[in-house]
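Here is the structure we will look at.
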Amino acid sequence: MLFYDNLEEFIAQQSAQLQSLKQANIPEVGVVLEVLGPNQDQDRKSNPGGHSVTQSVERLAIDCHGIEGDRHRGLTRASTGREAPLYKRSRATIVNRRQLFAVSPHECALLSQRLGVEVTPQLLGANIVIGREDGAPFCLSSTPVNTYFVLAPATATQPPTPPLATLIHYVQQKGCSLTGKALAKAYGDPSLTKQFVAHAEHHRGILCSVEYPVKRPIFIERGQKVFFRFPMGSCY
């Protein structure tokens with residue numbers, strides 16, 4: 001997690017994001033277009049620039065710990081430099097909310113246009129690609145934080161109770177040099193590392209946590225419906 005310096009900066013940035021939300025074309029119902037799992041070598045030291053690249057799979061097994069076999073799996077994780085303002089670099093144990101990474105086709109197409117190379121969900125390190133049922137473009141990155149994504153069978157017209165799974169939008173994914181290095185490695189162009197960081201702001205996709213299921217895994221598969229739910233708060 002990264003932080004604003006003060007409330008004034010937060011208000012300014014949120015106002016700009018609310019304006020972009022009007023043009024984001026976010027649907028009430030989406031569809032899972034592609035699912036992607038971890039690659040064979042997720043170790044950063046042995047596979048620099050490629051450890052975060054994902055690969056297409058038939059389905060993903062998820063539960064409240066995240067994706068089975070993924071390096072981000074777990075109810076907790078060690079803090080990193082992103083959380084240094086809160087925990088310094090003490091490697092404190094914190095709750096893990098970055099369990100699954102989602103993008104839309106629009107993010108990939110926009111970044112491909114900006115960078116002049118094909119930016120695939122695999123190179124972004126995505127786990128799930130969500131599209132609109134009508135095929136129109138929309139910006140998943142503009143989805144409000146804490147939006148619920150309720151997964152349902154492909155034939156569903158309403159979300160079942162309980163749903164197949166519930167994902168919660170944790171935070172917008174930032175343009176990072178790790179993914180930039182993956183692009184640079186894939187296309188043999190070192191300049192793509194900095195270019196990606198510069199162009200990916202607000203168009204990189206989102207990180208989610210898995211709220212449901214808890215007791216046993218379910219599978220995310222192509223064609224499943226995704227019902228968007230925008231929370232207004234809670235009460236006791």
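In the structure tokens, the first chain shown is A, the next is B, and so on; residue numbers restart at 1 for each chain, and ligands run from 1 in the order shown.
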Produce a table with one row for each residue of region 131-167 of chain A that has an atom at most 10 Å from any atom of region 226-234 of chain A, each row naming the nearest atom pair and its distance in Å at one decimal; use only C-alpha atoms; arrange rows by chain and rising residue number; format as a tab-separated table.
residue	atom	partner	partner_atom	distance
A:Gly131	CA	A:Val226	CA	9.1
A:Arg132	CA	A:Val226	CA	9.3
A:Glu133	CA	A:Val226	CA	9.8
A:Thr143	CA	A:Phe230	CA	9.0
A:Pro144	CA	A:Phe230	CA	7.6
A:Val145	CA	A:Phe230	CA	8.9
A:Asn146	CA	A:Pro231	CA	6.9
A:Thr147	CA	A:Phe230	CA	4.8
A:Tyr148	CA	A:Arg229	CA	4.9
A:Phe149	CA	A:Phe228	CA	5.0
A:Val150	CA	A:Phe227	CA	4.9
A:Leu151	CA	A:Val226	CA	4.7
A:Ala152	CA	A:Val226	CA	6.4
A:Pro153	CA	A:Val226	CA	8.9
A:Ala154	CA	A:Val226	CA	9.0
A:Ala156	CA	A:Val226	CA	9.7
A:Thr157	CA	A:Phe227	CA	9.5
A:Gln158	CA	A:Phe227	CA	8.0
A:Pro159	CA	A:Phe227	CA	6.7
A:Pro163	CA	A:Phe227	CA	9.9
A:Ala165	CA	A:Val226	CA	9.6
A:Thr166	CA	A:Val226	CA	9.3
A:Leu167	CA	A:Val226	CA	9.7
Restricting the output to N, CA, C and O atoms, write the selected residues as an mmCIF file, in the first residue's frame.
data_model
loop_
_atom_site.group_PDB
_atom_site.id
_atom_site.type_symbol
_atom_site.label_atom_id
_atom_site.label_comp_id
_atom_site.auth_asym_id
_atom_site.auth_seq_id
_atom_site.Cartn_x
_atom_site.Cartn_y
_atom_site.Cartn_z
ATOM 1 N N GLY A 131 -14.414 -8.855 -18.557
ATOM 2 C CA GLY A 131 -14.928 -8.029 -19.632
ATOM 3 C C GLY A 131 -16.404 -7.729 -19.444
ATOM 4 O O GLY A 131 -17.052 -8.270 -18.542
ATOM 5 N N ARG A 132 -16.929 -6.872 -20.285
ATOM 6 C CA ARG A 132 -18.359 -6.622 -20.319
ATOM 7 C C ARG A 132 -19.035 -7.695 -21.172
ATOM 8 O O ARG A 132 -18.450 -8.206 -22.123
ATOM 9 N N GLU A 133 -20.288 -7.996 -20.866
ATOM 10 C CA GLU A 133 -21.026 -8.981 -21.657
ATOM 11 C C GLU A 133 -21.219 -8.525 -23.099
ATOM 12 O O GLU A 133 -21.251 -9.350 -24.008
ATOM 13 N N THR A 143 -12.743 1.194 -11.057
ATOM 14 C CA THR A 143 -13.751 0.675 -10.140
ATOM 15 C C THR A 143 -13.468 1.162 -8.719
ATOM 16 O O THR A 143 -12.327 1.097 -8.257
ATOM 17 N N PRO A 144 -14.462 1.666 -8.001
ATOM 18 C CA PRO A 144 -14.219 2.173 -6.653
ATOM 19 C C PRO A 144 -13.640 1.108 -5.719
ATOM 20 O O PRO A 144 -14.003 -0.074 -5.802
ATOM 21 N N VAL A 145 -12.754 1.538 -4.855
ATOM 22 C CA VAL A 145 -12.201 0.641 -3.848
ATOM 23 C C VAL A 145 -13.336 0.080 -2.988
ATOM 24 O O VAL A 145 -14.310 0.765 -2.688
ATOM 25 N N ASN A 146 -13.216 -1.182 -2.617
ATOM 26 C CA ASN A 146 -14.200 -1.946 -1.823
ATOM 27 C C ASN A 146 -15.385 -2.420 -2.639
ATOM 28 O O ASN A 146 -16.341 -2.977 -2.070
ATOM 29 N N THR A 147 -15.351 -2.242 -3.966
ATOM 30 C CA THR A 147 -16.371 -2.873 -4.799
ATOM 31 C C THR A 147 -16.289 -4.388 -4.626
ATOM 32 O O THR A 147 -15.213 -4.962 -4.588
ATOM 33 N N TYR A 148 -17.458 -5.020 -4.516
ATOM 34 C CA TYR A 148 -17.530 -6.478 -4.417
ATOM 35 C C TYR A 148 -17.745 -7.064 -5.815
ATOM 36 O O TYR A 148 -18.577 -6.562 -6.581
ATOM 37 N N PHE A 149 -17.004 -8.114 -6.121
ATOM 38 C CA PHE A 149 -17.202 -8.850 -7.367
ATOM 39 C C PHE A 149 -17.768 -10.215 -6.992
ATOM 40 O O PHE A 149 -17.068 -11.056 -6.416
ATOM 41 N N VAL A 150 -19.035 -10.408 -7.299
ATOM 42 C CA VAL A 150 -19.754 -11.619 -6.905
ATOM 43 C C VAL A 150 -19.763 -12.579 -8.090
ATOM 44 O O VAL A 150 -20.384 -12.301 -9.118
ATOM 45 N N LEU A 151 -19.075 -13.705 -7.949
ATOM 46 C CA LEU A 151 -18.955 -14.665 -9.043
ATOM 47 C C LEU A 151 -20.107 -15.645 -9.024
ATOM 48 O O LEU A 151 -20.524 -16.142 -7.964
ATOM 49 N N ALA A 152 -20.622 -15.931 -10.229
ATOM 50 C CA ALA A 152 -21.788 -16.800 -10.371
ATOM 51 C C ALA A 152 -21.624 -17.661 -11.622
ATOM 52 O O ALA A 152 -20.798 -17.364 -12.491
ATOM 53 N N PRO A 153 -22.410 -18.744 -11.748
ATOM 54 C CA PRO A 153 -22.353 -19.566 -12.965
ATOM 55 C C PRO A 153 -22.672 -18.757 -14.213
ATOM 56 O O PRO A 153 -23.330 -17.710 -14.149
ATOM 57 N N ALA A 154 -22.225 -19.249 -15.347
ATOM 58 C CA ALA A 154 -22.395 -18.540 -16.620
ATOM 59 C C ALA A 154 -23.856 -18.293 -16.962
ATOM 60 O O ALA A 154 -24.184 -17.322 -17.651
ATOM 61 N N ALA A 156 -26.300 -17.635 -14.828
ATOM 62 C CA ALA A 156 -27.006 -16.879 -13.792
ATOM 63 C C ALA A 156 -27.515 -15.541 -14.316
ATOM 64 O O ALA A 156 -26.835 -14.854 -15.082
ATOM 65 N N THR A 157 -28.711 -15.183 -13.904
ATOM 66 C CA THR A 157 -29.248 -13.851 -14.182
ATOM 67 C C THR A 157 -29.214 -12.980 -12.928
ATOM 68 O O THR A 157 -29.350 -11.767 -13.010
ATOM 69 N N GLN A 158 -29.065 -13.618 -11.792
ATOM 70 C CA GLN A 158 -28.899 -12.946 -10.504
ATOM 71 C C GLN A 158 -27.821 -13.706 -9.724
ATOM 72 O O GLN A 158 -27.648 -14.912 -9.925
ATOM 73 N N PRO A 159 -27.085 -13.035 -8.836
ATOM 74 C CA PRO A 159 -26.081 -13.763 -8.056
ATOM 75 C C PRO A 159 -26.733 -14.757 -7.116
ATOM 76 O O PRO A 159 -27.695 -14.415 -6.424
ATOM 77 N N PRO A 163 -22.876 -17.016 -3.299
ATOM 78 C CA PRO A 163 -22.283 -17.022 -4.633
ATOM 79 C C PRO A 163 -21.197 -18.083 -4.739
ATOM 80 O O PRO A 163 -20.862 -18.742 -3.753
ATOM 81 N N ALA A 165 -18.106 -17.286 -5.374
ATOM 82 C CA ALA A 165 -17.020 -16.634 -4.653
ATOM 83 C C ALA A 165 -17.298 -15.143 -4.589
ATOM 84 O O ALA A 165 -18.074 -14.605 -5.388
ATOM 85 N N THR A 166 -16.672 -14.482 -3.643
ATOM 86 C CA THR A 166 -16.761 -13.031 -3.517
ATOM 87 C C THR A 166 -15.354 -12.465 -3.417
ATOM 88 O O THR A 166 -14.580 -12.834 -2.531
ATOM 89 N N LEU A 167 -15.035 -11.571 -4.354
ATOM 90 C CA LEU A 167 -13.752 -10.867 -4.336
ATOM 91 C C LEU A 167 -14.020 -9.414 -3.963
ATOM 92 O O LEU A 167 -15.050 -8.854 -4.321
#
Q: Check region 14-225 of chain A with DSSP on the backbone and list each residue it calls helix (DSSP H, G or I), as an MDAnalysis selection string.
A: chainID A and resid 14:22 81:87 105:115 121:124 140:142 177:187 192:199
Kindly assemble as a Markdown table a list of the region 94-154 of chain A residues that lie within 8 Å of region 194-203 of chain A, each paired with its nearest atom pair and their distance in Å to one decimal, using only C-alpha atoms, sorted first by chain and then by ascending residue number.
| residue | atom | partner | partner_atom | distance |
| --- | --- | --- | --- | --- |
| A:Glu107 | CA | A:His203 | CA | 5.5 |
| A:Leu110 | CA | A:His203 | CA | 7.8 |
| A:Leu111 | CA | A:Ala200 | CA | 6.8 |
| A:Arg114 | CA | A:His199 | CA | 7.0 |
| A:Leu115 | CA | A:Gln195 | CA | 7.0 |
| A:Cys139 | CA | A:His203 | CA | 7.4 |
| A:Ser141 | CA | A:His203 | CA | 5.7 |
| A:Ser142 | CA | A:His202 | CA | 7.3 |
Take the residues that were just selected and, keeping N, CA, C and O atoms, output them as a JSON list (two decimals), in the first residue's frame.
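That gives us again_0.json:
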[["chain", "number", "residue", "atom", "x", "y", "z"],
["A", 107, "GLU", "N", -7.48, -2.26, -20.34],
["A", 107, "GLU", "CA", -6.16, -1.92, -19.79],
["A", 107, "GLU", "C", -5.04, -2.43, -20.68],
["A", 107, "GLU", "O", -4.08, -1.72, -20.98],
["A", 110, "LEU", "N", -4.95, -0.42, -24.02],
["A", 110, "LEU", "CA", -4.46, 0.94, -23.84],
["A", 110, "LEU", "C", -2.95, 0.96, -23.63],
["A", 110, "LEU", "O", -2.23, 1.76, -24.24],
["A", 111, "LEU", "N", -2.45, 0.06, -22.78],
["A", 111, "LEU", "CA", -1.01, 0.01, -22.54],
["A", 111, "LEU", "C", -0.26, -0.46, -23.78],
["A", 111, "LEU", "O", 0.85, 0.02, -24.04],
["A", 114, "ARG", "N", 0.08, 2.58, -25.92],
["A", 114, "ARG", "CA", 1.02, 3.56, -25.39],
["A", 114, "ARG", "C", 2.47, 3.11, -25.51],
["A", 114, "ARG", "O", 3.36, 3.94, -25.74],
["A", 115, "LEU", "N", 2.72, 1.82, -25.37],
["A", 115, "LEU", "CA", 4.09, 1.32, -25.34],
["A", 115, "LEU", "C", 4.57, 0.79, -26.69],
["A", 115, "LEU", "O", 5.76, 0.55, -26.87],
["A", 139, "CYS", "N", -12.91, 0.44, -18.08],
["A", 139, "CYS", "CA", -11.69, 0.55, -17.30],
["A", 139, "CYS", "C", -11.90, -0.03, -15.91],
["A", 139, "CYS", "O", -12.48, 0.62, -15.03],
["A", 141, "SER", "N", -9.71, -0.50, -13.71],
["A", 141, "SER", "CA", -8.88, 0.23, -12.75],
["A", 141, "SER", "C", -9.65, 1.37, -12.08],
["A", 141, "SER", "O", -9.29, 1.80, -10.99],
["A", 142, "SER", "N", -10.71, 1.86, -12.73],
["A", 142, "SER", "CA", -11.49, 2.97, -12.17],
["A", 142, "SER", "C", -12.56, 2.50, -11.20],
["A", 142, "SER", "O", -13.25, 3.33, -10.59]]
Q: Can you list, as a PyMOL selection string, all residues belonging to region 16-120 of chain A that DSSP tags as strand (DSSP E)?
A: chain A and resi 29-38+54-56+59-63+66-67+76-78+93-95+100-103
Q) Neighbours of region 77-85 of chain A within 6 Å (only C-alpha atoms; same-chain residues fewer than 4 positions away dropped), as a list in words? A)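 The contact residues come out as Met1, Leu2, Arg89, Arg91, Ala92, Thr93, Ile94 and Asn96 of chain A.
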Could you list, with a cut-off of 7 Å and counting only C-alpha atoms, the residues of region 33-76 of chain A near region 97-102 of chain A, each shown with its nearest atom pair and the distance in Å rounded to one decimal, rows sorted by chain and ascending number, as a Markdown table?
| residue | atom | partner | partner_atom | distance |
| --- | --- | --- | --- | --- |
| A:Gly66 | CA | A:Gln99 | CA | 4.9 |
| A:Ile67 | CA | A:Gln99 | CA | 6.9 |
| A:His72 | CA | A:Gln99 | CA | 5.6 |
| A:Arg73 | CA | A:Gln99 | CA | 6.0 |
Please report, as a Markdown table, each residue of region 34-118 of chain A lying at most 10 Å from region 188-193 of chain A, together with the nearest pair of atoms and the separation in Å rounded to one decimal; use only C-alpha atoms, and order rows by chain and ascending residue number.
| residue | atom | partner | partner_atom | distance |
| --- | --- | --- | --- | --- |
| A:Gly49 | CA | A:Thr193 | CA | 9.8 |
| A:Leu115 | CA | A:Leu192 | CA | 7.4 |
| A:Gly116 | CA | A:Leu192 | CA | 9.6 |
| A:Val117 | CA | A:Leu192 | CA | 9.3 |
Kindly export the residues of the current selection with C-alpha atoms, as a short mmCIF file (atom, residue, chain, number, x, y, z; two decimals), in the first residue's frame.
data_model
loop_
_atom_site.label_atom_id
_atom_site.label_comp_id
_atom_site.auth_asym_id
_atom_site.auth_seq_id
_atom_site.Cartn_x
_atom_site.Cartn_y
_atom_site.Cartn_z
CA GLY A 49 11.99 -9.99 -14.73
CA LEU A 115 4.09 1.32 -25.34
CA GLY A 116 4.04 0.08 -28.94
CA VAL A 117 4.22 -3.61 -27.93
#
Q. Restricting the calculation to only C-alpha atoms, which member of A:Asn25, A:Ser177, A:Asn127, A:Glu118 is positioned closest to Glu58 (chain A)?
A.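 That would be A:Asn127, the residue with the smallest distance to Glu58 (chain A).
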Q) Pick the closest to Gln224 (chain A) from A:Thr54, A:Val32, A:Gly135, A:Leu207: which is it, counting only C-alpha atoms? A) A:Val32
Q | Residue nearest Gly223 (chain A) - candidates A:Ser56, A:Ser209, A:Thr155, A:Gln17, atoms counted: only C-alpha atoms | A |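 Distance minimum relative to Gly223 (chain A) lands on A:Thr155.
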